[in-house]
Amino acid sequence: MSILEEIRRIKEAGLYREFRTIEDPQGPRVRIGGREVILLCSNNYLGLASHPALVEAAKKAMETYGFGACASRLVSGTMKPHVELEERVADFKGREGAILFNSGYQANVGLITSLAGRGDIILADKFNHASLVDGCLLSGALFKRYPHGDMDFLEGLLKRHHGRGRVLIVTDGVFSMDGDVAPLKDLVWLKERYGATLIVDDAHGTGVLGRGGRGSLEALGIKDESIIEVGTFGKAFGSFGAFVVGRKEVIELLRNRARSFIYTTALPPAVAAASLAAIEIVEREPERRSSLLEKASFVRETLRQRGFDTLGSRTHIIPLLVGDPRACIRMSERLLEEGIFIQAIRPPTVPLGTSRLRITVCADHSMKDLDYAVETISSLLKEEVHAP
Ligand SMILES: Cc1ncc(COP(=O)(O)O)c(C=O)c1O
């Protein structure tokens with residue numbers, strides 16, 4: 001098949017993807033095509049992306065360290081802000097050690113391929129993020145997926161594969177496209193019972209859930225040094241990059257084995273400095289978290305009470321099931337005409353037949369904008385769902 005033919009087929013299936021360009025700083029409202037719209041599909045959950053403290057920290061670091069790191073961490077790219085951030089993240093998460101990666105994608109690929117290979121087995125939730133899936137595929141380990149959240153199925157797999165090499169259980173903490181939280185207590189019990197290693201990617205829980213914003217594990221009162229956790233700076237922290245936290249020896253192994261850590265230029269020090277500033281705010285201003293969760297609950301519960309399918313969401317990520325990808329795009333376009341930006345999320349990001357509008361609420365959305373959005377979404381969705 002030619003490339004043009006492949007593109008034509010993507011278009012025909014309603015799966016073609018295009019950019020929407022934001023013309024000013026990220027925030028609850030942004031400008032697109034010269035027009036201000038309410039932004040309801042950003043991961044800037046706490047409104048930190050344009051926070052003056054992050055901008056100032058980055059500026060100051062640029063004045064002190066220049067811009068690029070210009071080598072990988074293990075050559076000459078390790079600069080003071082990298083080291084400070086690793087120490088700060090380990091402290092924030094209450095863990096022995098931390099290692100930075102340039103993105104969550106790279107963290108997941110590097111982590112999984114470092115811990116599993118031929119002769120090992122990886123058991124993963126079917127709804128895990130693509131970066132976890134890619135890490136599992138790349139590792140060369142036997143890779144089995146269990147139906148979303150199905151602990152009986154997982155236990156069956158654990159029984160069958162017990163005692164054959166290293167066993168990894170891999171899950172999102174907050175599922176990125178569904179907004180539900182993994183059954184982490186059950187997962188901890190199963191990994192103990194079957195001697196497995198548990199990896200939790202809490203990209204969307206970090207900064208948001210738990211009293212101190214430490215994420216899904218904190219929210220559920222789980223403290224277990226053996227769990228390996230991934231978090232990102234590009235979402236609630238409003239910055240960029242990612243990290244893995246866990247026992248010291250895990251971090252040491254990743255420093256020596258993770259190809260996506262070793263063979264890439266280190267993050268610009270100014271980015272690390274901005275992330276440091278973000279952690280300070282997350283710790284100092286819990287009211288951002290409570291405001292976000294209250295507003296998310298309002299949007300989620302109102303839509304649910306009106307009979308719309310929010311797919312089991314319990315967090316600030318609120319999917320609205322549409323089903324057909326073309327209908328989903330149509331909804332997204334019509335919403336934009338009404339001044340609301342929500343992307344249509346379609347396969348392969350989500351399973352076939354489950355195209356959805358993924359609404360993400362942020363702490364700095366006004367109630368007036370959220371009221372307007374809920375009313376507009378409700379009336380458009382009703383029309384779309386009941387359309388012949
Ligand atoms: C669960 C999850 N893990 C990892 C990532 C990747 O993180 P990053 O955007 O930093 O590459 C994302 C989102 O992009 C995500 O939703």
# chains A, B, ... in the order shown; residues from 1 in each chain; ligands from 1
call {"tool": "closest_atom_pairs", "arguments": {"of": "stretch 25-129 of chain A", "to": "stretch 280-303 of chain A", "cutoff": "12 Å", "atoms": "only C-alpha atoms", "output": "tab-separated table"}}
result
residue	atom	partner	partner_atom	distance
A:Pro28	CA	A:Leu292	CA	11.9
A:Leu40	CA	A:Ala296	CA	11.0
A:Asn43	CA	A:Leu292	CA	11.8
A:Asn44	CA	A:Leu292	CA	10.8
A:Tyr45	CA	A:Leu292	CA	7.2
A:Leu46	CA	A:Arg288	CA	5.9
A:Gly47	CA	A:Arg288	CA	8.4
A:Leu48	CA	A:Ile281	CA	8.5
A:Ala49	CA	A:Ile281	CA	11.8
A:His51	CA	A:Ile281	CA	9.7
A:Pro52	CA	A:Ile281	CA	11.1
A:Ala53	CA	A:Ile281	CA	8.6
A:Leu54	CA	A:Ile281	CA	9.4
A:Ala57	CA	A:Glu280	CA	11.4
A:Leu85	CA	A:Glu280	CA	11.2
A:Arg88	CA	A:Glu280	CA	9.5
A:Val89	CA	A:Glu280	CA	10.6
A:Asp91	CA	A:Glu283	CA	11.5
A:Phe92	CA	A:Glu283	CA	8.4
A:Lys93	CA	A:Glu283	CA	11.1
call {"tool": "closest_atom_pairs", "arguments": {"of": "chain A", "to": "ligand 1", "cutoff": "6 Å", "atoms": "only C-alpha atoms and all ligand atoms", "output": "Markdown table"}}
result
| residue | atom | partner | partner_atom_place_in_ligand_line | distance |
| --- | --- | --- | --- | --- |
| A:Ser103 | CA | ligand 1 | 10 (O) | 3.8 |
| A:Gly104 | CA | ligand 1 | 7 (O) | 3.3 |
| A:Tyr105 | CA | ligand 1 | 11 (O) | 3.9 |
| A:His129 | CA | ligand 1 | 1 (C) | 4.9 |
| A:Ser131 | CA | ligand 1 | 4 (C) | 5.9 |
| A:Asp172 | CA | ligand 1 | 1 (C) | 5.5 |
| A:Ser176 | CA | ligand 1 | 16 (O) | 4.6 |
| A:Asp201 | CA | ligand 1 | 1 (C) | 5.8 |
| A:Ala203 | CA | ligand 1 | 1 (C) | 5.0 |
| A:Thr232 | CA | ligand 1 | 10 (O) | 5.2 |
| A:Gly234 | CA | ligand 1 | 10 (O) | 5.4 |
| A:Gly241 | CA | ligand 1 | 10 (O) | 5.4 |
| A:Ala242 | CA | ligand 1 | 10 (O) | 5.7 |
call {"tool": "atom_distance", "arguments": {"atom1": "atom CA of A:Leu123", "atom2": "atom CA of A:Ile169"}}
result
4.9 Å
call {"tool": "atom_distance", "arguments": {"atom1": "atom CA of A:Asp186", "atom2": "atom CA of A:Val174"}}
result
15.0 Å
call {"tool": "closest_residue", "arguments": {"among": "A:Arg20, A:Arg346, A:Lys144, A:Arg73", "to": "A:Arg259", "atoms": "only C-alpha atoms"}}
result
A:Arg73
call {"tool": "select_by_dssp", "arguments": {"residues": "stretch 31-110 of chain A", "states": "alpha helix (DSSP H)", "output": "NGL selection string"}}
result
:A and (52-65 or 80-93 or 104-110)
call {"tool": "atom_distance", "arguments": {"atom1": "atom CA of A:Ala266", "atom2": "atom CA of A:Lys248"}}
result
20.7 Å
call {"tool": "residues_around", "arguments": {"residues": "stretch 370-380 of chain A", "least_positions_apart": "5", "cutoff": "12 Å", "atoms": "only C-alpha atoms", "output": "short mmCIF file (atom, residue, chain, number, x, y, z; two decimals) with N, CA and C atoms, in the first residue's frame"}}
result
data_model
loop_
_atom_site.label_atom_id
_atom_site.label_comp_id
_atom_site.auth_asym_id
_atom_site.auth_seq_id
_atom_site.Cartn_x
_atom_site.Cartn_y
_atom_site.Cartn_z
N PRO A 28 -6.81 28.16 31.58
CA PRO A 28 -8.20 27.67 31.50
C PRO A 28 -8.91 28.12 30.22
N ARG A 29 -8.43 29.26 29.69
CA ARG A 29 -8.91 29.73 28.38
C ARG A 29 -7.69 29.97 27.51
N VAL A 37 -11.15 30.47 23.69
CA VAL A 37 -12.04 29.34 23.97
C VAL A 37 -11.71 28.76 25.35
N ILE A 38 -12.65 28.01 25.89
CA ILE A 38 -12.41 27.33 27.17
C ILE A 38 -11.64 26.05 26.85
N LEU A 39 -10.50 25.86 27.52
CA LEU A 39 -9.67 24.68 27.24
C LEU A 39 -10.02 23.57 28.22
N LEU A 40 -10.57 22.48 27.69
CA LEU A 40 -10.97 21.37 28.56
C LEU A 40 -10.31 20.05 28.14
N LEU A 292 -9.49 21.62 42.28
CA LEU A 292 -9.56 20.78 41.08
C LEU A 292 -10.54 19.62 41.29
N GLU A 294 -12.97 19.25 43.44
CA GLU A 294 -14.37 19.70 43.58
C GLU A 294 -14.99 20.02 42.22
N LYS A 295 -14.22 20.74 41.41
CA LYS A 295 -14.74 21.14 40.09
C LYS A 295 -14.93 19.92 39.20
N ALA A 296 -13.96 18.98 39.28
CA ALA A 296 -14.07 17.76 38.46
C ALA A 296 -15.31 16.97 38.88
N SER A 297 -15.54 16.92 40.18
CA SER A 297 -16.68 16.17 40.68
C SER A 297 -17.99 16.80 40.17
N PHE A 298 -18.04 18.13 40.16
CA PHE A 298 -19.23 18.81 39.64
C PHE A 298 -19.50 18.43 38.18
N VAL A 299 -18.46 18.49 37.35
CA VAL A 299 -18.64 18.20 35.92
C VAL A 299 -19.04 16.73 35.74
N ARG A 300 -18.30 15.84 36.38
CA ARG A 300 -18.52 14.40 36.23
C ARG A 300 -19.92 14.00 36.70
N GLU A 301 -20.27 14.44 37.91
CA GLU A 301 -21.55 13.99 38.48
C GLU A 301 -22.73 14.61 37.73
N THR A 302 -22.60 15.85 37.29
CA THR A 302 -23.70 16.47 36.55
C THR A 302 -23.94 15.71 35.25
N LEU A 303 -22.85 15.41 34.53
CA LEU A 303 -23.01 14.70 33.26
C LEU A 303 -23.56 13.30 33.49
N ARG A 304 -23.08 12.67 34.55
CA ARG A 304 -23.54 11.31 34.85
C ARG A 304 -25.04 11.31 35.21
N GLN A 305 -25.44 12.28 36.05
CA GLN A 305 -26.86 12.35 36.44
C GLN A 305 -27.75 12.59 35.24
N ARG A 306 -27.20 13.22 34.23
CA ARG A 306 -28.01 13.46 33.01
C ARG A 306 -28.02 12.24 32.09
N GLY A 307 -27.40 11.18 32.53
CA GLY A 307 -27.49 9.91 31.78
C GLY A 307 -26.36 9.66 30.80
N PHE A 308 -25.33 10.50 30.81
CA PHE A 308 -24.21 10.27 29.88
C PHE A 308 -23.22 9.28 30.49
N ASP A 309 -22.55 8.53 29.61
CA ASP A 309 -21.65 7.47 30.06
C ASP A 309 -20.24 8.03 30.26
N ILE A 318 -12.33 12.96 32.67
CA ILE A 318 -13.74 12.57 32.54
C ILE A 318 -14.04 12.24 31.08
N LEU A 320 -16.29 11.03 27.95
CA LEU A 320 -17.71 10.97 27.60
C LEU A 320 -17.81 10.09 26.37
N VAL A 322 -18.76 8.44 23.12
CA VAL A 322 -19.54 8.77 21.93
C VAL A 322 -19.65 7.50 21.06
N ALA A 327 -18.52 10.72 14.59
CA ALA A 327 -19.44 11.48 15.45
C ALA A 327 -18.65 12.23 16.52
N CYS A 328 -17.59 11.60 16.97
CA CYS A 328 -16.77 12.20 18.02
C CYS A 328 -16.08 13.46 17.50
N ARG A 330 -17.10 15.26 14.98
CA ARG A 330 -18.16 16.25 14.73
C ARG A 330 -18.49 16.99 16.03
N MET A 331 -18.61 16.23 17.11
CA MET A 331 -18.91 16.84 18.42
C MET A 331 -17.82 17.82 18.82
N SER A 332 -16.55 17.37 18.64
CA SER A 332 -15.43 18.21 19.04
C SER A 332 -15.44 19.51 18.23
N GLU A 333 -15.74 19.40 16.92
CA GLU A 333 -15.76 20.60 16.07
C GLU A 333 -16.91 21.54 16.45
N ARG A 334 -18.07 20.92 16.73
CA ARG A 334 -19.22 21.76 17.10
C ARG A 334 -18.97 22.47 18.44
N LEU A 335 -18.32 21.76 19.34
CA LEU A 335 -18.01 22.38 20.64
C LEU A 335 -17.06 23.55 20.45
N LEU A 336 -16.10 23.38 19.55
CA LEU A 336 -15.16 24.48 19.30
C LEU A 336 -15.90 25.70 18.76
N GLU A 337 -16.88 25.45 17.89
CA GLU A 337 -17.69 26.57 17.39
C GLU A 337 -18.38 27.29 18.54
N GLU A 338 -18.74 26.53 19.57
CA GLU A 338 -19.42 27.12 20.74
C GLU A 338 -18.42 27.65 21.77
N GLY A 339 -17.12 27.61 21.42
CA GLY A 339 -16.11 28.20 22.32
C GLY A 339 -15.55 27.24 23.36
N ILE A 340 -15.61 25.93 23.07
CA ILE A 340 -15.08 24.94 24.03
C ILE A 340 -14.16 23.98 23.27
N PHE A 341 -12.93 23.83 23.75
CA PHE A 341 -11.99 22.93 23.08
C PHE A 341 -11.86 21.63 23.88
N ILE A 342 -12.38 20.54 23.29
CA ILE A 342 -12.20 19.19 23.85
C ILE A 342 -11.85 18.27 22.68
N LEU A 357 -15.00 11.90 24.02
CA LEU A 357 -14.48 13.23 24.34
C LEU A 357 -13.83 13.08 25.70
N ARG A 358 -12.55 13.40 25.79
CA ARG A 358 -11.87 13.28 27.09
C ARG A 358 -11.77 14.67 27.69
N ILE A 359 -12.64 14.89 28.69
CA ILE A 359 -12.66 16.20 29.35
C ILE A 359 -11.65 16.17 30.49
N THR A 360 -10.81 17.19 30.57
CA THR A 360 -9.95 17.30 31.75
C THR A 360 -10.19 18.66 32.39
N VAL A 361 -10.50 18.61 33.67
CA VAL A 361 -10.77 19.83 34.42
C VAL A 361 -9.47 20.31 35.04
N CYS A 362 -9.31 21.62 35.17
CA CYS A 362 -8.13 22.17 35.83
C CYS A 362 -8.58 23.05 36.99
N ALA A 363 -7.67 23.23 37.96
CA ALA A 363 -8.02 23.95 39.19
C ALA A 363 -8.44 25.39 38.90
N ASP A 364 -7.92 25.99 37.83
CA ASP A 364 -8.22 27.40 37.59
C ASP A 364 -9.37 27.64 36.61
N HIS A 365 -10.13 26.62 36.27
CA HIS A 365 -11.35 26.87 35.50
C HIS A 365 -12.35 27.61 36.39
N VAL A 385 -26.19 11.77 19.99
CA VAL A 385 -26.50 10.40 20.37
C VAL A 385 -27.85 9.98 19.81
N HIS A 386 -28.82 10.93 19.80
CA HIS A 386 -30.15 10.57 19.31
C HIS A 386 -30.32 10.79 17.81
N ALA A 387 -29.24 11.29 17.16
CA ALA A 387 -29.36 11.55 15.71
C ALA A 387 -29.49 10.22 14.97
#
call {"tool": "select_by_dssp", "arguments": {"residues": "stretch 62-132 of chain A", "states": "strand (DSSP E or B)", "output": "PyMOL selection string"}}
result
chain A and resi 72+97-101+121-125
